[in-house]
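Colleague: This is the structure I want to talk about, given as structure tokens.
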Amino acid sequence: MTGEVTAEPSADGPEEKASELAKAPPEPSEEVAASGSPREEQVPQATKPAPPSEGDKRGAGGRGRQRELTVAFILSPLSDVPSAPLLLTLEDVSDSSMTVSWEPPERLGRLGFQGYVLELLREGALEWVPVNARPMMVTQQTVRNLALGDKFLLRVAAVSLAGAGPPAVLDQPVHIREAIEPPKIRVPRHLRQTYIRQVGETVNLQIPFQGNPKPQASWTHNGHAVDSQRVSVRTGQQDSILFIRSAQRSDSGCYELTVRLEDQEAKATVHILVTERPQPPSSIRLLDVWGCNAALQWTPPQDTGNAELLGYTVQKADRKTGQWFTVLERYHPTTCTISDLIVGNSYSFRVFSENLCGLSASAAVTKELAHIQKAVITDKPKGFVERDFLEAPSFTQPLADHTTTPGYSTQLFCSVRASPKPKIIWMKNKVAIEGNPKYRALSEQGVCTLEIRKPSPFDSGVYTCKATNALGEASVDCRLEVKASATH
């Protein structure tokens, strides 16, 4: 341990608890006579000191401070010396400090309680060193300015005016070490999905990680150690790099990075897929040719390039020009029909496979030509059957009863169907009104209209529309009511 060691009391208020305990009334003697009067307290003989605790045995040879505590314990009555503190616990340890806590002793003594003295004994030393110069009324202390690598024992004793009581010793020595940060791996976003490369390209994976002190990093490929002849691994303070100069399809798989720090570890996986162009379809044949159409069929390729096929590209070429034209792209079925071929030409067809790397280096080509011949068409006219469109008049829309106001022109409507075109006759109360200037009759596209100009109550009555032709006649009627205006 190097540097000055300082102790700080806890701020959580244990001092108040110890003060209250110090103010408590003295406890009676443990042994009471049968008559009820307390017996005289027995003072231990100086020739038979109290045996040291287990913690003092660990610091054999450090009798300086222990002698003081023992002498003080011998010279004081048992009821005046506090008992040993309870539940001495190491709360926290960092790279430069530690925090311990304890519970007050069961017996504080009759005389005034002064506080607690915390002492430590370094590994290999003979003397217990007090952390605080005077007793402190706290049950938790933080010791600072400790050096890395220090290893020591801790004990605490309660002190009153009668002296120091027996100490409570920590069960295990305290070791000041560098703070341990658990390992953690941060996988970049683009590596959280399958990392795809083509054959011959480089693979360079840089995976950052955290951990203190520096953790140990290792890589595996499909559960086995990576091949050092093909894969290079470099691990720095904050990352690990896996490098493959020229990727092959055998490099595909699951790569796992493990970062270990003592008994803790973190793992991350990266999936790599190395692909190449697929092979062409295994075979192709011309199934049928009819009219301006040709049917093809082919078999899938034996090797898809370690990737899923995106489809097939179908092309055609006529024998005259020899130029290839694309007919279908990324077509998934293995059969197709090519249409709109030119009559009189002969065609060849070829099919490419396609995946993420592109089209196959070669194509499957038909061995036979598809000859598109001119079809012989024989026209056989059918006999013409004339249809009879003659029809007797029939009203498709009858007249509707109507009410109007005097002085305002009104119209009556109906529709009739007939062939040949019928003659339309309008009547009022069974009397024809043809030629009367008060009425105007119209007939267009089978719609018959009768306009009554400025009607008066005299024009009220039953109006009839009659249609006649050579095949028959039909009529419809309605009632028109002209209401006289009210007089005041």
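The chains in the structure tokens are called A, B, ... from first to last as shown; in each chain the residues are counted from 1, and the ligands are counted from 1 in the order shown.
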Give one line per residue of region 151-263 of chain A that approaches region 294-305 of chain A to at most 10 Å, naming the two atoms of the closest pair and their distance in Å to one decimal, counting only C-alpha atoms; sort by chain then ascending residue number and deliver it as CSV.

Modeller:
residue,atom,partner,partner_atom,distance
A:Gln198,CA,A:Gly305,CA,9.7
A:Val199,CA,A:Gly305,CA,9.7
A:Arg249,CA,A:Gly305,CA,8.8

Colleague: Could you pull out the residues in region 179-250 of chain A that DSSP calls helix (DSSP H, G or I) from the backbone, as a list in words?

Modeller: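 So the helix (DSSP H, G or I) residues in region 179-250 of chain A would be Arg189, His190, Leu191, Arg249 and Ser250 of chain A.
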
Colleague: Any chance you can output those residues with N, CA, C and O atoms as a compact mmCIF listing (two decimals), in the first residue's frame?

Modeller:
# COMPACT_ATOMS: atom_id res chain seq x y z
N ARG A 189 -24.04 -2.45 -37.35
CA ARG A 189 -25.37 -2.69 -37.91
C ARG A 189 -25.31 -3.52 -39.19
O ARG A 189 -26.15 -4.40 -39.39
N HIS A 190 -24.33 -3.28 -40.06
CA HIS A 190 -24.31 -4.00 -41.34
C HIS A 190 -23.91 -5.46 -41.17
O HIS A 190 -24.05 -6.25 -42.12
N LEU A 191 -23.44 -5.86 -39.99
CA LEU A 191 -23.08 -7.25 -39.76
C LEU A 191 -24.15 -8.01 -38.99
O LEU A 191 -23.99 -9.19 -38.70
N ARG A 249 -16.01 -20.29 -51.36
CA ARG A 249 -17.32 -20.72 -50.90
C ARG A 249 -17.23 -21.52 -49.61
O ARG A 249 -18.16 -21.52 -48.80
N SER A 250 -16.10 -22.17 -49.37
CA SER A 250 -15.93 -22.92 -48.12
C SER A 250 -15.83 -22.00 -46.91
O SER A 250 -15.96 -22.46 -45.77

Colleague: Report as number ranges by chain all protein, DNA and RNA residues lying within 10 Å of Asp171 (chain A), evaluated on only C-alpha atoms, omitting residues in the same chain fewer than 2 positions from it.

Modeller: A: 54-55, 88-90, 153-155, 168-169, 173-174

Colleague: Looking only at strand (DSSP E) from DSSP on the backbone, list the matching residues of region 305-416 of chain A as a ChimeraX atom specification.

Modeller: /A:311-318,325-331,335-338,346-355,358-359,364-365,370-371,391-397,402-404,410-416

Colleague: Pull C-alpha atoms from the residues just selected and write them as an mmCIF file, in the first residue's frame.

Modeller:
data_model
loop_
_atom_site.group_PDB
_atom_site.id
_atom_site.type_symbol
_atom_site.label_atom_id
_atom_site.label_comp_id
_atom_site.auth_asym_id
_atom_site.auth_seq_id
_atom_site.Cartn_x
_atom_site.Cartn_y
_atom_site.Cartn_z
ATOM 1 C CA GLY A 311 -35.034 -16.429 -61.932
ATOM 2 C CA TYR A 312 -34.231 -17.093 -65.575
ATOM 3 C CA THR A 313 -33.639 -14.839 -68.579
ATOM 4 C CA VAL A 314 -35.103 -16.115 -71.886
ATOM 5 C CA GLN A 315 -33.854 -14.765 -75.240
ATOM 6 C CA LYS A 316 -34.724 -15.383 -78.906
ATOM 7 C CA ALA A 317 -32.852 -14.916 -82.187
ATOM 8 C CA ASP A 318 -34.059 -15.355 -85.782
ATOM 9 C CA PHE A 325 -33.353 -10.245 -77.920
ATOM 10 C CA THR A 326 -34.548 -10.669 -74.333
ATOM 11 C CA VAL A 327 -38.095 -11.981 -74.046
ATOM 12 C CA LEU A 328 -38.408 -12.706 -70.281
ATOM 13 C CA GLU A 329 -36.363 -11.540 -67.261
ATOM 14 C CA ARG A 330 -36.222 -13.082 -63.781
ATOM 15 C CA TYR A 331 -38.798 -15.623 -64.873
ATOM 16 C CA THR A 335 -41.697 -23.640 -68.916
ATOM 17 C CA CYS A 336 -42.805 -20.690 -71.027
ATOM 18 C CA THR A 337 -44.580 -19.765 -74.253
ATOM 19 C CA ILE A 338 -42.989 -17.248 -76.639
ATOM 20 C CA SER A 346 -36.999 -19.517 -87.945
ATOM 21 C CA TYR A 347 -35.995 -18.928 -84.310
ATOM 22 C CA SER A 348 -33.482 -20.220 -81.772
ATOM 23 C CA PHE A 349 -33.942 -19.796 -78.012
ATOM 24 C CA ARG A 350 -31.558 -19.735 -75.026
ATOM 25 C CA VAL A 351 -31.992 -19.468 -71.232
ATOM 26 C CA PHE A 352 -29.632 -17.990 -68.571
ATOM 27 C CA SER A 353 -29.738 -18.610 -64.803
ATOM 28 C CA GLU A 354 -29.489 -15.596 -62.471
ATOM 29 C CA ASN A 355 -28.616 -15.062 -58.781
ATOM 30 C CA GLY A 358 -25.646 -11.944 -62.011
ATOM 31 C CA LEU A 359 -26.348 -14.134 -65.044
ATOM 32 C CA ALA A 364 -28.668 -23.413 -72.534
ATOM 33 C CA VAL A 365 -29.550 -23.162 -76.284
ATOM 34 C CA ALA A 370 -38.824 -23.061 -84.488
ATOM 35 C CA HIS A 371 -40.181 -22.490 -88.015
ATOM 36 C CA GLU A 391 -93.265 -4.093 -84.390
ATOM 37 C CA ALA A 392 -96.688 -2.782 -83.393
ATOM 38 C CA PRO A 393 -96.761 0.415 -81.253
ATOM 39 C CA SER A 394 -96.265 -0.019 -77.513
ATOM 40 C CA PHE A 395 -95.720 2.675 -74.917
ATOM 41 C CA THR A 396 -92.619 2.197 -72.802
ATOM 42 C CA GLN A 397 -93.374 5.258 -70.651
ATOM 43 C CA HIS A 402 -100.389 16.400 -63.749
ATOM 44 C CA THR A 403 -101.507 19.500 -61.847
ATOM 45 C CA THR A 404 -100.519 23.003 -62.971
ATOM 46 C CA THR A 410 -96.970 22.912 -69.007
ATOM 47 C CA GLN A 411 -95.904 19.742 -70.843
ATOM 48 C CA LEU A 412 -97.055 16.119 -70.976
ATOM 49 C CA PHE A 413 -94.530 13.341 -71.820
ATOM 50 C CA CYS A 414 -94.642 9.696 -72.901
ATOM 51 C CA SER A 415 -92.472 7.324 -74.972
ATOM 52 C CA VAL A 416 -93.498 4.799 -77.626
#

Colleague: Quote the spacing between CA of Ala217 (chain A) and CA of Val259 (chain A) in Å to one decimal place.

Modeller: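 Pair CA of Ala217 (chain A) / CA of Val259 (chain A) returns 4.5 Å.
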
Colleague: Quick one: pull the distance between CA of Ser460 (chain A) and CA of Val482 (chain A), Å, one decimal.

Modeller: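 Answer for the CA of Ser460 (chain A) to CA of Val482 (chain A) separation: 5.4 Å.
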
Colleague: I want to know what sits within 9 Å of Ser101 (chain A), based on only C-alpha atoms, with residues of the same chain fewer than 6 positions away left out; could you give that as number ranges by chain?

Modeller: A: 10, 87-91, 138-142

Colleague: Can you tell me which residues surround region 454-457 of chain A at a distance of at most 12 Å, considering only C-alpha atoms, apart from same-chain residues fewer than 3 positions away, and format the answer as number ranges by chain?

Modeller: A: 403-411, 437-440, 451, 460-461, 480-485

Colleague: Between CA of Ser97 (chain A) and CA of Gln237 (chain A), measure the distance and give it in Å to one decimal.

Modeller: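 The value is 25.8 Å.
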
Colleague: So that I can see what lies close to Lys214 (chain A), please list as a list in words the residues with an atom at most 9 Å from it, counting only C-alpha atoms and leaving out residues fewer than 2 positions away in the same chain.

Modeller: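 Here the answer would be Pro183, Gln210, Gly211, Asn212, Gln216, Gly236, Gln237, Gln238 and Leu261 of chain A.
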
Colleague: Would you mind listing what lies within 8 Å of Phe152 (chain A) as a list in words, with only C-alpha atoms counted and same-chain residues fewer than 6 positions away left out?

Modeller: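 Returned residues: Leu120, Leu121, Arg122, Glu123, Pro173, Val174 and His175 of chain A.
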
Colleague: Would you mind telling me which residue in A:Asn204, A:Ser228, A:Ser160, A:Ser419 lies nearest to Asp80 (chain A) when using only C-alpha atoms?

Modeller: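 Nearest to Asp80 (chain A): A:Ser160.
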